[in-house]
Amino acid sequence: MNYKKLGNTDLKVSTICLGTMTWGEQNTQNEGFEQMDYALDQGVNFWDTAEIYSVPPREETFGHTETIIGNWFEKTKKRDKVILASKVCGPMREYVRGGENQFGEKNIAEALEGSLGRLKTDCIDLYQLHWPERKTNFFGKLGYEHVDSNEWTRFEDILGNLKKFIDQGKIKYVGVSNETPWGLSKYLELSKDKNLPRMLSVQNPYNLLNRTYEIGLAEISIREQAGLLAYSPLACGYLSGKYRNKQLPKNSRMERDGDFWTRYAKPNTDKAIDTYYEIAKKNKLDLTQMSLKFLEIQPFVTSVIIGATSMEQLKTNIESVNINLTEDIINEINEVQKTYPNPCP
């Protein structure tokens, strides 16, 4: 396994992060336990979850993934072996604290205490804001429309709220998710000027079908030591090749919840994937592993968040750290991006 520092800390996290959002939906608790056992044995010390998991989010499964992880901690007594990340959601459905803004002190406190209880731990190593409260571009939205409103919690207040929990020992570090270049820059500016907690990471989508992170956020990640935790690195499984030629494997995410996962059903998706597949085939590489390795080696990436519904997938994903991409292969991958730029942004 490979490791990189989290932000400007001395904390070394595995460059493969164990994603967990299918546990409690597509995966049972026992399957989650098996994944955690195997990942830890392979040197994966960084795990990511969220209060709203499992996904697709539903009221009846709210918090189920955290509960599974907490049960594993209780059973194995290995909490100290894991760098644990979780998230407080932004405004969403009414069943989550009324569906309004979530980053005020009261709601963050309620969210954090809920996560700590389900996870059966006293402290979360990296606590992230799952998506912004303000009206901005995330979850694939293009075409920014400015809404100047005072309805969202100000960044200074959010950082102040998070500081209280850091001071209480309930959080070690903080990060953002689904954030914009302006948002990350503003958080970093305030943390420096006001001596407030520093955002150490950005959990945003990044894969061979969506390299938009490179446009504005990559430079900030490198210069400010706030690296990317790349989610959806296989584009919901599309970059494994399993949906090629209109295939729809039984119990796959697209077969189960295709109406929810529409972000990769775009005009040039198949053309780009087929071209990446041919590159992998020509170079005797597994398409999944080639896709993951390309992300891992980027200088602005701290860790790649993998998600698997089978042990076979998990093993393939983790073993991606051991392959090598030559300069020629990287150039070929970049040529596809030029031909089909960000087909699924």
# chains A, B, ... in the order shown; residues from 1 in each chain; ligands from 1
>>> residues_around(residues="segment 8-10 of chain A", least_positions_apart="6", cutoff="9 Å", atoms="only C-alpha atoms", output="short mmCIF file (atom, residue, chain, number, x, y, z; two decimals) with N, CA and C atoms, in the first residue's frame")
data_model
loop_
_atom_site.label_atom_id
_atom_site.label_comp_id
_atom_site.auth_asym_id
_atom_site.auth_seq_id
_atom_site.Cartn_x
_atom_site.Cartn_y
_atom_site.Cartn_z
N LEU A 200 -8.56 20.40 5.48
CA LEU A 200 -7.39 19.65 5.05
C LEU A 200 -7.62 18.83 3.80
N GLU A 224 -1.99 24.73 -1.39
CA GLU A 224 -2.48 24.92 -0.01
C GLU A 224 -2.47 23.63 0.81
N GLN A 225 -1.98 22.56 0.25
CA GLN A 225 -1.93 21.26 0.95
C GLN A 225 -3.31 20.88 1.49
N ALA A 226 -4.27 20.89 0.59
CA ALA A 226 -5.63 20.45 0.90
C ALA A 226 -6.05 19.51 -0.23
#
>>> closest_atom_pairs(of="segment 142-228 of chain A", to="segment 234-244 of chain A", cutoff="12 Å", atoms="only C-alpha atoms", output="JSON lines")
{"residue": "A:Pro205", "atom": "CA", "partner": "A:Ala235", "partner_atom": "CA", "distance": 8.5}
{"residue": "A:Tyr206", "atom": "CA", "partner": "A:Ala235", "partner_atom": "CA", "distance": 8.3}
{"residue": "A:Asn207", "atom": "CA", "partner": "A:Leu234", "partner_atom": "CA", "distance": 6.2}
{"residue": "A:Leu208", "atom": "CA", "partner": "A:Leu234", "partner_atom": "CA", "distance": 7.9}
{"residue": "A:Leu209", "atom": "CA", "partner": "A:Ala235", "partner_atom": "CA", "distance": 7.1}
{"residue": "A:Asn210", "atom": "CA", "partner": "A:Ala235", "partner_atom": "CA", "distance": 8.2}
{"residue": "A:Arg211", "atom": "CA", "partner": "A:Ala235", "partner_atom": "CA", "distance": 11.2}
>>> select_by_dssp(residues="segment 63-213 of chain A", states="strand (DSSP E or B)", output="list of chain:residue names")
A:Ile83, A:Leu84, A:Ala85, A:Ser86, A:Lys87, A:Val88, A:Ile124, A:Asp125, A:Leu126, A:Tyr127, A:Gln128, A:Leu129, A:Ile171, A:Lys172, A:Tyr173, A:Val174, A:Gly175, A:Val176, A:Ser177, A:Met199, A:Leu200, A:Ser201, A:Val202, A:Gln203, A:Asn204, A:Pro205, A:Asn207, A:Asn210
>>> residues_around(residues="segment 114-126 of chain A", least_positions_apart="5", cutoff="8 Å", atoms="only C-alpha atoms", output="number ranges by chain")
A: 51, 63, 66-71, 73-74, 79, 83-86, 169-175
>>> residues_around(residues="Asn27 of chain A", least_positions_apart="6", cutoff="12 Å", atoms="only C-alpha atoms", output="VMD selection string")
chain A and resid 20 to 21 33 to 35 53 to 55 64 to 65 68 251 to 253 307 to 311
>>> write_last_selection(atoms="C-alpha atoms", output="tab-separated table (two decimals), in the first residue's frame")
chain	number	residue	atom	x	y	z
A	20	THR	CA	-18.69	2.28	2.57
A	21	MET	CA	-21.91	3.72	1.19
A	33	PHE	CA	-17.30	-6.85	8.04
A	34	GLU	CA	-15.51	-9.00	5.45
A	35	GLN	CA	-14.52	-5.92	3.45
A	53	TYR	CA	-25.39	6.39	4.14
A	54	SER	CA	-26.42	3.92	2.84
A	55	VAL	CA	-27.10	5.22	-0.69
A	64	HIS	CA	-27.10	2.22	8.69
A	65	THR	CA	-23.58	2.28	7.27
A	68	ILE	CA	-22.24	-1.40	10.61
A	251	ASN	CA	-27.88	-6.31	-8.88
A	252	SER	CA	-25.47	-3.70	-10.26
A	253	ARG	CA	-26.02	-0.11	-9.24
A	307	GLY	CA	-16.42	1.22	-3.27
A	308	ALA	CA	-17.11	-2.45	-3.86
A	309	THR	CA	-20.12	-4.70	-3.58
A	310	SER	CA	-18.12	-7.94	-3.90
A	311	MET	CA	-14.81	-9.16	-2.53
>>> closest_residue(among="A:Asn178, A:Ser14, A:Ile329, A:Trp72", to="Glu31 of chain A", atoms="only C-alpha atoms")
A:Trp72
>>> closest_residue(among="A:Glu25, A:Glu151, A:Asp37, A:Glu59", to="Gln102 of chain A", atoms="only C-alpha atoms")
A:Glu151
>>> atom_distance(atom1="atom CA of Tyr276 of chain A", atom2="atom CA of Ile333 of chain A")
6.9 Å
